[in-house]
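Listing of structure.txt, compact mmCIF, C-alpha atoms
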# COMPACT_ATOMS: atom_id res chain seq x y z
CA MET D 143 0.00 0.00 0.00
CA LYS D 144 2.81 2.34 0.88
CA LYS D 145 4.48 1.66 -2.48
CA LYS D 146 1.23 2.38 -4.36
CA SER D 147 0.71 5.61 -2.45
CA PHE D 148 4.28 6.67 -3.14
CA PHE D 149 3.85 5.84 -6.83
CA LYS D 150 0.65 7.93 -7.04
CA ILE D 151 2.37 10.87 -5.35
CA PHE D 152 5.30 10.52 -7.74
CA LEU D 153 2.99 10.53 -10.78
CA LEU D 154 1.10 13.55 -9.45
CA PHE D 155 4.36 15.42 -8.90
CA PHE D 156 5.57 14.45 -12.39
CA PHE D 157 2.45 15.76 -14.13
CA MET D 158 2.48 18.97 -12.09
CA LEU D 159 6.12 19.53 -13.02
CA ALA D 160 5.45 18.83 -16.69
CA PHE D 161 2.51 21.25 -16.70
CA SER D 162 4.58 23.90 -14.96
CA LEU D 163 7.44 23.62 -17.44
CA GLN D 164 4.98 23.80 -20.31
CA GLY D 165 3.65 27.05 -18.87
CA PHE D 166 7.16 28.51 -18.87
CA SER D 167 7.94 27.35 -22.42
CA LYS D 168 9.59 29.77 -24.79
CA THR D 169 7.32 32.39 -26.38
CA GLU D 170 6.83 32.09 -30.14
CA VAL D 171 9.16 34.43 -32.00
CA ILE D 172 7.71 36.43 -34.90
CA THR D 173 9.93 36.91 -37.91
CA SER D 174 10.65 40.31 -39.40
CA ASN D 175 11.25 40.14 -43.16
CA TRP D 176 14.17 41.91 -44.79
CA VAL D 177 13.53 44.78 -47.22
CA THR D 178 16.11 46.04 -49.68
CA SER D 179 14.87 49.64 -49.76
CA PRO D 180 13.04 51.89 -47.26
CA LEU D 181 9.25 51.57 -47.19
CA THR D 182 6.98 54.51 -47.90
CA ILE D 183 5.14 55.24 -44.65
CA ASP D 184 1.68 56.33 -45.80
CA GLY D 185 -0.76 54.21 -43.77
CA PHE D 186 -1.56 51.92 -46.71
CA ASN D 187 -0.70 48.23 -46.82
CA GLU D 188 0.33 47.88 -50.48
CA ASP D 189 3.99 47.36 -49.49
CA TRP D 190 2.91 44.46 -47.25
CA GLU D 191 0.82 42.40 -49.66
CA ASN D 192 3.40 39.58 -49.83
CA ASP D 193 3.86 39.37 -46.06
CA ALA D 194 2.07 36.84 -43.89
CA LEU D 195 0.17 38.79 -41.23
CA ASN D 196 0.14 37.80 -37.57
CA PHE D 197 -3.14 37.91 -35.64
CA GLU D 198 -3.83 38.96 -32.05
CA LYS D 199 -7.22 37.47 -31.23
CA LYS D 200 -8.02 39.40 -28.05
CA VAL D 201 -8.05 42.75 -29.88
CA ASP D 202 -8.84 41.52 -33.42
CA VAL D 203 -5.79 43.09 -35.07
CA ASP D 204 -3.40 41.94 -37.78
CA PHE D 205 0.24 43.01 -37.65
CA ALA D 206 3.57 42.39 -39.35
CA PHE D 207 7.22 43.46 -39.14
CA ARG D 208 9.89 44.23 -41.74
CA ASN D 209 13.34 45.74 -41.37
CA ASP D 210 16.44 46.87 -43.19
CA ALA D 211 19.78 47.97 -41.77
CA GLU D 212 18.33 51.24 -40.48
CA ASN D 213 14.68 50.82 -39.48
CA LEU D 214 12.05 48.45 -38.11
CA TYR D 215 8.79 48.79 -40.05
CA ILE D 216 5.49 47.85 -38.43
CA LEU D 217 2.03 47.38 -39.93
CA PHE D 218 -0.85 47.34 -37.42
CA ILE D 219 -4.42 46.83 -38.65
CA PHE D 220 -7.55 47.29 -36.52
CA LYS D 221 -10.30 45.14 -38.01
CA ASP D 222 -12.95 46.04 -35.43
CA PRO D 223 -13.32 49.77 -34.60
CA LYS D 224 -14.45 49.03 -31.04
CA TYR D 225 -10.89 48.04 -30.14
CA LEU D 226 -9.62 51.48 -31.11
CA SER D 227 -10.93 52.60 -27.72
CA SER D 228 -9.61 56.12 -26.96
CA ILE D 229 -6.55 55.82 -29.20
CA ASN D 230 -7.11 59.29 -30.72
CA ALA D 231 -6.70 60.80 -27.25
CA THR D 232 -4.07 58.45 -25.80
CA GLY D 233 -2.12 57.57 -28.92
CA MET D 234 -0.37 54.26 -29.51
CA THR D 235 2.69 53.60 -27.33
CA ILE D 236 5.15 50.99 -28.59
CA TRP D 237 7.60 49.66 -26.00
CA PHE D 238 10.96 48.13 -26.94
CA ASP D 239 12.97 45.81 -24.67
CA THR D 240 16.21 44.41 -26.07
CA GLU D 241 16.72 42.18 -23.01
CA GLY D 242 13.71 40.00 -23.78
CA LYS D 243 11.63 41.23 -20.84
CA LYS D 244 8.38 43.15 -20.63
CA LYS D 245 9.96 46.24 -19.11
CA LYS D 246 8.57 49.65 -19.95
CA ASN D 247 11.92 51.42 -19.77
CA TYR D 248 11.82 52.86 -23.29
CA GLY D 249 8.96 53.48 -25.66
CA LEU D 250 7.58 55.82 -28.30
CA MET D 251 4.10 57.32 -28.10
CA PHE D 252 2.57 57.94 -31.52
CA ILE D 253 -0.38 60.32 -31.50
CA LYS D 254 -2.31 62.12 -34.23
CA LYS D 255 -3.29 65.60 -33.08
CA GLN D 256 -5.71 68.11 -34.54
CA VAL D 257 -4.67 71.77 -34.72
CA SER D 258 -6.15 74.93 -36.18
CA ALA D 259 -4.83 76.48 -39.39
CA ASP D 260 -3.11 79.29 -37.48
CA ALA D 261 -1.47 76.83 -35.10
CA PHE D 262 -0.28 74.85 -38.12
CA ILE D 263 1.19 78.02 -39.65
CA SER D 264 3.04 78.74 -36.41
CA ILE D 265 4.52 75.24 -36.37
CA LEU D 266 5.62 75.48 -40.01
CA GLU D 267 7.29 78.84 -39.42
CA LYS D 268 9.27 77.41 -36.50
CA GLN D 269 10.48 74.63 -38.77
CA LYS D 270 11.02 76.44 -42.06
CA GLY D 271 10.99 80.17 -41.37
CA THR D 272 8.50 82.92 -42.19
CA LEU D 273 5.75 82.04 -44.68
CA SER D 274 4.37 84.47 -47.25
CA GLU D 275 0.83 85.80 -46.93
CA VAL D 276 -0.14 83.77 -49.99
CA GLU D 277 1.13 80.57 -48.33
CA LYS D 278 -0.69 81.41 -45.11
CA ASN D 279 -3.97 82.10 -46.94
CA ASN D 280 -3.65 78.79 -48.78
CA ILE D 281 -3.21 77.01 -45.45
CA ARG D 282 -6.18 78.85 -43.92
CA ALA D 283 -8.37 77.46 -46.71
CA ASN D 284 -8.63 74.39 -44.43
CA PRO D 285 -9.70 75.20 -40.85
CA GLN D 286 -8.10 72.12 -39.26
CA TYR D 287 -4.97 70.01 -39.78
CA PHE D 288 -3.70 66.75 -38.34
CA LEU D 289 -0.13 66.43 -37.08
CA HIS D 290 1.74 63.21 -36.33
CA ASN D 291 3.52 63.71 -33.02
CA ILE D 292 5.93 61.26 -31.42
CA LYS D 293 6.93 61.34 -27.77
CA VAL D 294 9.82 59.44 -26.22
CA VAL D 295 8.73 57.68 -23.04
CA SER D 296 11.68 56.53 -20.92
CA LYS D 297 11.99 55.41 -17.32
CA GLY D 298 13.43 58.15 -15.14
CA GLY D 299 14.07 60.43 -18.11
CA LYS D 300 12.43 63.50 -19.53
CA SER D 301 9.91 62.92 -22.30
CA VAL D 302 10.66 64.66 -25.58
CA SER D 303 8.03 65.32 -28.24
CA GLN D 304 8.91 65.51 -31.90
CA GLN D 305 6.75 65.76 -34.99
CA ALA D 306 7.02 63.05 -37.59
CA ASP D 307 6.01 65.73 -40.10
CA SER D 308 9.17 67.76 -39.45
CA GLY D 309 11.30 66.00 -42.04
CA ASP D 310 14.17 65.51 -39.58
CA GLU D 311 16.37 62.47 -40.08
CA ASP D 312 16.78 59.70 -37.52
CA ILE D 313 13.29 60.06 -36.07
CA ALA D 314 10.42 57.61 -36.13
CA ILE D 315 7.56 58.10 -38.58
CA PHE D 316 3.94 56.94 -38.62
CA ARG D 317 0.77 57.41 -40.63
CA THR D 318 -2.81 56.16 -40.28
CA MET D 319 -5.43 55.40 -42.90
CA GLN D 320 -8.95 54.00 -42.99
CA GLN D 321 -10.14 51.57 -45.64
CA GLU D 322 -13.79 50.57 -45.26
CA LYS D 323 -14.06 49.08 -41.74
CA THR D 324 -10.33 48.74 -41.08
CA VAL D 325 -8.00 51.36 -39.60
CA MET D 326 -4.32 50.91 -40.42
CA TYR D 327 -1.24 52.23 -38.63
CA GLU D 328 2.16 52.09 -40.33
CA PHE D 329 5.39 52.85 -38.45
CA ALA D 330 9.10 53.19 -39.15
CA VAL D 331 11.39 53.19 -36.08
CA PRO D 332 15.20 53.60 -36.26
CA LEU D 333 17.15 50.58 -35.02
CA LYS D 334 20.02 52.63 -33.57
CA ARG D 335 19.69 54.87 -30.53
CA MET D 336 22.58 57.02 -29.34
CA THR D 337 21.00 58.59 -26.23
CA GLU D 338 18.01 57.89 -23.98
CA GLN D 339 15.99 60.66 -25.60
CA ASP D 340 16.67 59.70 -29.22
CA HIS D 341 14.17 57.87 -31.38
CA GLY D 342 15.39 54.32 -31.80
CA ILE D 343 15.28 50.78 -30.45
CA GLY D 344 18.94 50.34 -29.57
CA THR D 345 19.53 47.14 -31.52
CA GLU D 346 20.74 45.87 -34.90
CA PRO D 347 19.69 43.45 -37.67
CA GLY D 348 19.67 39.79 -36.63
CA LYS D 349 18.81 40.47 -32.98
CA ILE D 350 15.62 39.63 -31.08
CA VAL D 351 13.63 42.44 -29.47
CA LYS D 352 10.47 42.29 -27.38
CA VAL D 353 7.84 44.74 -28.63
CA GLY D 354 4.82 45.87 -26.62
CA PHE D 355 1.76 47.67 -27.99
CA GLU D 356 -0.40 49.78 -25.66
CA TRP D 357 -3.32 52.14 -26.27
CA GLY D 358 -6.66 53.31 -24.89
CA GLY D 359 -7.72 54.03 -21.34
CA LEU D 360 -7.43 57.50 -19.81
CA THR D 361 -4.60 60.00 -20.06
CA ASP D 362 -3.62 62.16 -17.07
CA GLU D 363 -5.55 65.04 -18.65
CA MET D 364 -8.64 62.85 -19.01
CA LYS D 365 -8.40 61.63 -15.40
CA LYS D 366 -8.10 65.21 -14.16
CA ALA D 367 -11.10 66.31 -16.24
CA ARG D 368 -13.19 63.45 -14.90
CA ALA D 369 -12.17 64.23 -11.30
CA GLU D 370 -13.31 67.83 -11.83
CA GLY D 371 -16.65 66.70 -13.21
CA HIS D 372 -15.93 67.60 -16.85
CA SER D 373 -16.51 65.49 -19.93
CA VAL D 374 -13.61 63.34 -21.06
CA PRO D 375 -12.08 63.36 -24.57
CA GLY D 376 -11.86 60.21 -26.62
CA THR D 377 -14.39 58.08 -24.73
CA GLU D 378 -16.94 57.68 -27.49
CA PRO D 379 -16.41 54.82 -29.98
CA MET D 380 -16.50 55.23 -33.75
CA ARG D 381 -20.02 55.38 -35.12
CA LYS D 382 -21.24 53.14 -37.92
CA GLY D 383 -20.19 54.50 -41.29
CA GLU D 384 -18.05 57.25 -39.76
CA SER D 385 -14.65 58.09 -41.22
CA ALA D 386 -11.52 57.91 -39.08
CA ASP D 387 -10.85 61.65 -39.41
CA SER D 388 -14.43 62.55 -38.49
CA TRP D 389 -14.23 60.32 -35.43
CA ALA D 390 -10.84 61.78 -34.51
CA THR D 391 -12.29 65.29 -34.61
CA ARG D 392 -15.24 64.32 -32.43
CA ALA D 393 -13.46 61.92 -30.08
CA THR D 394 -10.68 64.31 -29.16
CA GLY D 395 -13.16 66.97 -28.04
CA PHE D 396 -14.57 67.20 -24.50
CA GLU D 397 -18.13 66.09 -25.14
CA GLU D 398 -19.37 62.62 -24.31
CA ASP D 399 -18.39 61.40 -20.87
CA SER D 400 -20.84 63.56 -18.93
CA ARG D 401 -23.74 61.64 -20.51
CA THR D 402 -22.53 58.07 -20.08
CA GLY D 403 -19.67 58.11 -17.57
CA ARG D 404 -18.01 55.28 -19.48
CA THR D 405 -14.33 54.59 -19.04
CA PRO D 406 -12.55 53.58 -22.26
CA LEU D 407 -10.69 50.29 -22.04
CA GLN D 408 -6.92 50.06 -22.22
CA TYR D 409 -5.42 47.34 -24.41
CA SER D 410 -1.91 45.94 -24.61
CA PHE D 411 0.07 42.91 -25.70
CA TRP D 412 3.74 41.92 -26.24
CA VAL D 413 5.51 39.91 -28.95
CA ASP D 414 9.07 38.71 -29.55
CA VAL D 415 10.45 39.84 -32.92
CA GLN D 416 13.40 38.28 -34.71
CA LEU D 417 14.97 40.99 -36.86
CA ALA D 418 16.17 39.91 -40.28
CA LYS D 419 19.84 40.04 -41.24
CA SER D 420 21.23 41.67 -44.35
CA GLN D 421 20.75 39.50 -47.43
What is this structure when it is put down as structure tokens?
Amino acid sequence: MKKKSFFKIFLLFFFMLAFSLQGFSKTEVITSNWVTSPLTIDGFNEDWENDALNFEKKVDVDFAFRNDAENLYILFIFKDPKYLSSINATGMTIWFDTEGKKKKNYGLMFIKKQVSADAFISILEKQKGTLSEVEKNNIRANPQYFLHNIKVVSKGGKSVSQQADSGDEDIAIFRTMQQEKTVMYEFAVPLKRMTEQDHGIGTEPGKIVKVGFEWGGLTDEMKKARAEGHSVPGTEPMRKGESADSWATRATGFEEDSRTGRTPLQYSFWVDVQLAKSQ
């Protein structure tokens, strides 16, 4: 009897150990495909038609990676607008960990912001110098413009914002586009990073990097507004048949939360990416 009891305990321990080891098994590594020339970052997926897309079931998105010697390119496709959450207010933050851990020590926040024509003129003049009255009047023909801002998010460091529209070299770039029911994000992120506040992953071709995607929820500004009893930007989902730009205009205004009190969900997930080597 003692031998049978010992044998049963041994088998139970064996199966528990096997299950435990299975739970700690190595995460599947996603392959980044090599490209011979830089991709055009425009928010469309034509450059990705030959790439097998990966699927994240819990948020119903497709995504893929490509790289060359200078940049990591990312395609991110929302197939269900409800998972966009408050992305127009919070932006998409992409975290990069070259040590294979899920540490949020360095990331880039990509956010599309709406500005008035005069604010857009002011930004252009800071970048390129004084504009002529004809140029200003041409710009004022459209009352609103969208800018693609990128903010470095680093642990213990100062955050630095930079516009992807500035034309500067060695900065990340992104664009968004809507096609029917899908909303696409396309990114280009430099592989090299010289300082903590530079845009870049801090790796090289052939290496593995852990990449985390995070969006939605409430920003500090939104939390403060809610605490003061004001409406909160970005809490209303996209309406049926609504364009992405129309929703962005409406969702980034302070208008909806006072009626429903809903809190937008925050979404995130991590993947391991094997960067391609030079071919």
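If you look at CA of Val415 in chain D and CA of Asn209 in chain D, they are 10.7 Å away from each other.
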request  = Write out as number ranges by chain each polymer residue whose atoms come within 8 Å of Lys349 in chain D, counting all atoms listed in the file; drop sequence neighbours fewer than 6 positions from it.
outcome  = D: 416-418
I'd like the interatomic distance between CA of Ala330 in chain D and CA of Ala259 in chain D, to a tenth of an Å.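 CA of Ala259 in chain D lies at a distance of 27.1 Å from CA of Ala330 in chain D.
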Using only C-alpha atoms, the best pick from D:Ser296, D:Thr324, D:Thr173, D:Asn213 as closest to Asn247 in chain D would be D:Ser296
Counting all atoms listed in the file, closest pick from D:Phe218, D:Lys334, D:Gln286, D:Thr361 relative to Ile236 in chain D is D:Phe218
Lys293 in chain D proximity check over D:Pro332, D:Gly359, D:Gly233, D:Gly271, using all atoms listed in the file: winner is D:Gly233
CA of Trp237 in chain D to CA of Val295 in chain D, straight-line distance in Å
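It comes out at 8.6 Å.
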